[in-house]
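Student: Before anything else, here's the structure in question.
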Amino acid sequence: MKKVFISGPISSDFIGESIAKHQTKTSIGAHNIFLGQVRADEVDGKKVAAIEYTCYEELANTKLHEIREEAFEKFDLICMHIYHSLGTIKTGEVCFFVFVSAKRRKEVYAATEWLVNQVKDRTPIYGKEIFEDETHQWKVNS
C-alpha cells in the first residue's frame, strides 16, 4: 500500500521531486496534476484561517486502495499517486495532490477529474474549518 497521508502541508519541493522521479519512465507521454489548496472562505462573516484534517486511516486506506484499483481498470494509466494532508493546514497551503501519468493526454485529464471526485466522495477524510477568531466548524465538501 502506497503512503497517502502526509503530516502537515504538501510542499512544492515534494511536488517537484514527485515529478522529477518520473523522468526516467520514458513510456509516459503525459502527466496531469491536481493540487487542492486551503481557501480563505468567509462563513457567516468569519474568515477561514486553516483547516484541520483528520481521518480514520485504516478505512481511508482501504477506500483509497479500491479507488486506485478502479482507476487502473477504467483508465490506461502508467502511474498514479494520491497524497492528502493530515493536521492543521493554513490558507494558501496545499492539502491534496493527485498526480496521474499515461501515454496520452486524454487519459490523464479524465482520470484526474475522476480520481479527485472519488477521493472527495468516498474517503473518510474530515476537515474542521478554523476561523481567524479561533472558533471552528466541520467542513462540508462542495
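Please note that chains go A, B, ... in the order of the C-alpha cells, that every chain numbers its residues from 1, and that ligands are numbered from 1 in the order shown.
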Report as a PyMOL selection string all protein, DNA and RNA residues lying within 7 Å of range 29-43 of chain A, evaluated on only C-alpha atoms, omitting residues in the same chain fewer than 2 positions from it.
Tutor: chain A and resi 27+45-50+90-105+108-109+112
Student: Give me the residues near Trp114 in chain A as a list in words, where near means some atom within 12 Å (using only C-alpha atoms) and where sequence neighbours in that chain fewer than 4 positions away do not count.
Tutor: Phe34, Ile67, Arg68, Glu70, Ala71, Phe72, Lys74, Phe75, Val98, Val100, Glu107, Val108, Tyr109, Ala110, Gln118, Val119, Lys120, Asp121 and Arg122 of chain A
Student: Which distance in Å separates CA of Pro124 in chain A and CA of Leu59 in chain A, to one decimal?
Tutor: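 Straight-line distance from CA of Pro124 in chain A to CA of Leu59 in chain A works out to 7.2 Å.
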Student: Could you tell me, as a PyMOL selection string, which residues of range 42-138 of chain A DSSP assigns to helix (DSSP H, G or I) when given the backbone?
Tutor: chain A and resi 57-74+105-122
Student: Include N, CA and C atoms and write out the residues we just selected as an mmCIF file, in the first residue's frame.
Tutor:
```cif
data_model
loop_
_atom_site.group_PDB
_atom_site.id
_atom_site.type_symbol
_atom_site.label_atom_id
_atom_site.label_comp_id
_atom_site.auth_asym_id
_atom_site.auth_seq_id
_atom_site.Cartn_x
_atom_site.Cartn_y
_atom_site.Cartn_z
ATOM 1 N N GLU A 57 -7.678 6.364 9.372
ATOM 2 C CA GLU A 57 -6.695 5.958 8.368
ATOM 3 C C GLU A 57 -6.907 4.558 7.802
ATOM 4 N N GLU A 58 -7.252 3.602 8.651
ATOM 5 C CA GLU A 58 -7.412 2.229 8.169
ATOM 6 C C GLU A 58 -8.521 2.148 7.119
ATOM 7 N N LEU A 59 -9.672 2.758 7.414
ATOM 8 C CA LEU A 59 -10.777 2.757 6.465
ATOM 9 C C LEU A 59 -10.441 3.622 5.241
ATOM 10 N N ALA A 60 -9.827 4.767 5.468
ATOM 11 C CA ALA A 60 -9.449 5.652 4.353
ATOM 12 C C ALA A 60 -8.497 4.935 3.399
ATOM 13 N N ASN A 61 -7.509 4.223 3.943
ATOM 14 C CA ASN A 61 -6.565 3.493 3.091
ATOM 15 C C ASN A 61 -7.253 2.385 2.304
ATOM 16 N N THR A 62 -8.226 1.721 2.909
ATOM 17 C CA THR A 62 -8.995 0.693 2.210
ATOM 18 C C THR A 62 -9.763 1.319 1.044
ATOM 19 N N LYS A 63 -10.428 2.439 1.296
ATOM 20 C CA LYS A 63 -11.191 3.137 0.243
ATOM 21 C C LYS A 63 -10.262 3.625 -0.869
ATOM 22 N N LEU A 64 -9.112 4.183 -0.484
ATOM 23 C CA LEU A 64 -8.156 4.688 -1.482
ATOM 24 C C LEU A 64 -7.592 3.552 -2.332
ATOM 25 N N HIS A 65 -7.370 2.398 -1.737
ATOM 26 C CA HIS A 65 -6.903 1.232 -2.491
ATOM 27 C C HIS A 65 -7.963 0.823 -3.525
ATOM 28 N N GLU A 66 -9.240 0.810 -3.110
ATOM 29 C CA GLU A 66 -10.337 0.485 -4.033
ATOM 30 C C GLU A 66 -10.383 1.488 -5.188
ATOM 31 N N ILE A 67 -10.267 2.767 -4.858
ATOM 32 C CA ILE A 67 -10.300 3.825 -5.884
ATOM 33 C C ILE A 67 -9.134 3.655 -6.849
ATOM 34 N N ARG A 68 -7.941 3.377 -6.312
ATOM 35 C CA ARG A 68 -6.742 3.188 -7.146
ATOM 36 C C ARG A 68 -6.947 2.010 -8.110
ATOM 37 N N GLU A 69 -7.450 0.884 -7.592
ATOM 38 C CA GLU A 69 -7.686 -0.296 -8.438
ATOM 39 C C GLU A 69 -8.703 0.018 -9.537
ATOM 40 N N GLU A 70 -9.776 0.692 -9.175
ATOM 41 C CA GLU A 70 -10.806 1.063 -10.157
ATOM 42 C C GLU A 70 -10.232 1.988 -11.230
ATOM 43 N N ALA A 71 -9.380 2.919 -10.823
ATOM 44 C CA ALA A 71 -8.785 3.860 -11.781
ATOM 45 C C ALA A 71 -7.930 3.131 -12.811
ATOM 46 N N PHE A 72 -7.129 2.161 -12.349
ATOM 47 C CA PHE A 72 -6.294 1.409 -13.292
ATOM 48 C C PHE A 72 -7.136 0.544 -14.231
ATOM 49 N N GLU A 73 -8.311 0.089 -13.789
ATOM 50 C CA GLU A 73 -9.217 -0.665 -14.662
ATOM 51 C C GLU A 73 -9.903 0.253 -15.667
ATOM 52 N N LYS A 74 -10.273 1.440 -15.221
ATOM 53 C CA LYS A 74 -11.083 2.378 -16.001
ATOM 54 C C LYS A 74 -10.257 3.176 -17.016
ATOM 55 N N ARG A 105 -2.472 12.340 -23.362
ATOM 56 C CA ARG A 105 -3.071 13.378 -22.513
ATOM 57 C C ARG A 105 -4.553 13.162 -22.221
ATOM 58 N N LYS A 106 -5.292 12.601 -23.163
ATOM 59 C CA LYS A 106 -6.734 12.411 -22.965
ATOM 60 C C LYS A 106 -7.002 11.588 -21.698
ATOM 61 N N GLU A 107 -6.216 10.544 -21.490
ATOM 62 C CA GLU A 107 -6.393 9.674 -20.315
ATOM 63 C C GLU A 107 -6.132 10.418 -19.013
ATOM 64 N N VAL A 108 -5.075 11.238 -18.978
ATOM 65 C CA VAL A 108 -4.721 11.887 -17.707
ATOM 66 C C VAL A 108 -5.760 12.926 -17.296
ATOM 67 N N TYR A 109 -6.343 13.626 -18.257
ATOM 68 C CA TYR A 109 -7.373 14.609 -17.901
ATOM 69 C C TYR A 109 -8.588 13.924 -17.284
ATOM 70 N N ALA A 110 -9.082 12.900 -17.966
ATOM 71 C CA ALA A 110 -10.276 12.195 -17.478
ATOM 72 C C ALA A 110 -9.996 11.503 -16.144
ATOM 73 N N ALA A 111 -8.838 10.869 -16.022
ATOM 74 C CA ALA A 111 -8.503 10.132 -14.798
ATOM 75 C C ALA A 111 -8.357 11.073 -13.608
ATOM 76 N N THR A 112 -7.736 12.219 -13.811
ATOM 77 C CA THR A 112 -7.532 13.158 -12.707
ATOM 78 C C THR A 112 -8.861 13.641 -12.156
ATOM 79 N N GLU A 113 -9.759 14.053 -13.030
ATOM 80 C CA GLU A 113 -11.065 14.535 -12.570
ATOM 81 C C GLU A 113 -11.821 13.427 -11.830
ATOM 82 N N TRP A 114 -11.808 12.224 -12.392
ATOM 83 C CA TRP A 114 -12.494 11.096 -11.766
ATOM 84 C C TRP A 114 -11.900 10.808 -10.388
ATOM 85 N N LEU A 115 -10.580 10.764 -10.299
ATOM 86 C CA LEU A 115 -9.907 10.459 -9.025
ATOM 87 C C LEU A 115 -10.218 11.491 -7.946
ATOM 88 N N VAL A 116 -10.113 12.765 -8.285
ATOM 89 C CA VAL A 116 -10.379 13.827 -7.307
ATOM 90 C C VAL A 116 -11.799 13.683 -6.761
ATOM 91 N N ASN A 117 -12.761 13.476 -7.653
ATOM 92 C CA ASN A 117 -14.160 13.335 -7.222
ATOM 93 C C ASN A 117 -14.373 12.088 -6.374
ATOM 94 N N GLN A 118 -13.740 10.986 -6.739
ATOM 95 C CA GLN A 118 -13.889 9.745 -5.972
ATOM 96 C C GLN A 118 -13.299 9.890 -4.568
ATOM 97 N N VAL A 119 -12.125 10.494 -4.470
ATOM 98 C CA VAL A 119 -11.495 10.684 -3.158
ATOM 99 C C VAL A 119 -12.386 11.564 -2.288
ATOM 100 N N LYS A 120 -12.879 12.663 -2.847
ATOM 101 C CA LYS A 120 -13.736 13.587 -2.094
ATOM 102 C C LYS A 120 -15.037 12.910 -1.647
ATOM 103 N N ASP A 121 -15.621 12.087 -2.541
ATOM 104 C CA ASP A 121 -16.931 11.485 -2.262
ATOM 105 C C ASP A 121 -16.871 10.237 -1.385
ATOM 106 N N ARG A 122 -15.786 9.473 -1.463
ATOM 107 C CA ARG A 122 -15.780 8.135 -0.845
ATOM 108 C C ARG A 122 -14.814 7.947 0.324
#
```
Student: Near range 5-13 of chain A, counting only C-alpha atoms, which residues have an atom at most 7 Å away, once you skip same-chain residues fewer than 3 positions from it, shown as an mmCIF file with C-alpha atoms, in the first residue's frame?
Tutor:
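Dumped everything to result.cif:
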```cif
data_model
loop_
_atom_site.group_PDB
_atom_site.id
_atom_site.type_symbol
_atom_site.label_atom_id
_atom_site.label_comp_id
_atom_site.auth_asym_id
_atom_site.auth_seq_id
_atom_site.Cartn_x
_atom_site.Cartn_y
_atom_site.Cartn_z
ATOM 1 C CA GLY A 16 8.706 18.845 -7.710
ATOM 2 C CA GLU A 17 10.537 15.718 -6.547
ATOM 3 C CA TYR A 83 -1.488 12.411 -1.280
ATOM 4 C CA HIS A 84 -3.569 14.162 1.367
ATOM 5 C CA SER A 85 -2.516 16.231 4.354
ATOM 6 C CA LEU A 86 -3.410 15.489 7.941
ATOM 7 C CA GLY A 87 -3.161 18.070 10.709
ATOM 8 C CA THR A 88 -3.589 21.839 10.516
ATOM 9 C CA ILE A 89 -3.121 23.352 7.052
ATOM 10 C CA GLU A 93 -1.116 25.814 1.643
ATOM 11 C CA VAL A 94 -1.584 22.658 -0.445
ATOM 12 C CA CYS A 95 -3.520 19.838 1.249
#
```
Student: To one decimal in Å, tell me the separation between CA of Cys55 in chain A and CA of Lys128 in chain A.
Tutor: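 Those two atoms sit 11.1 Å apart.
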Student: Could you jot down the CA of Ile51 in chain A to CA of Lys139 in chain A separation for me, Å, one decimal place?
Tutor: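 Atom-to-atom, CA of Ile51 in chain A and CA of Lys139 in chain A are spaced 8.3 Å apart.
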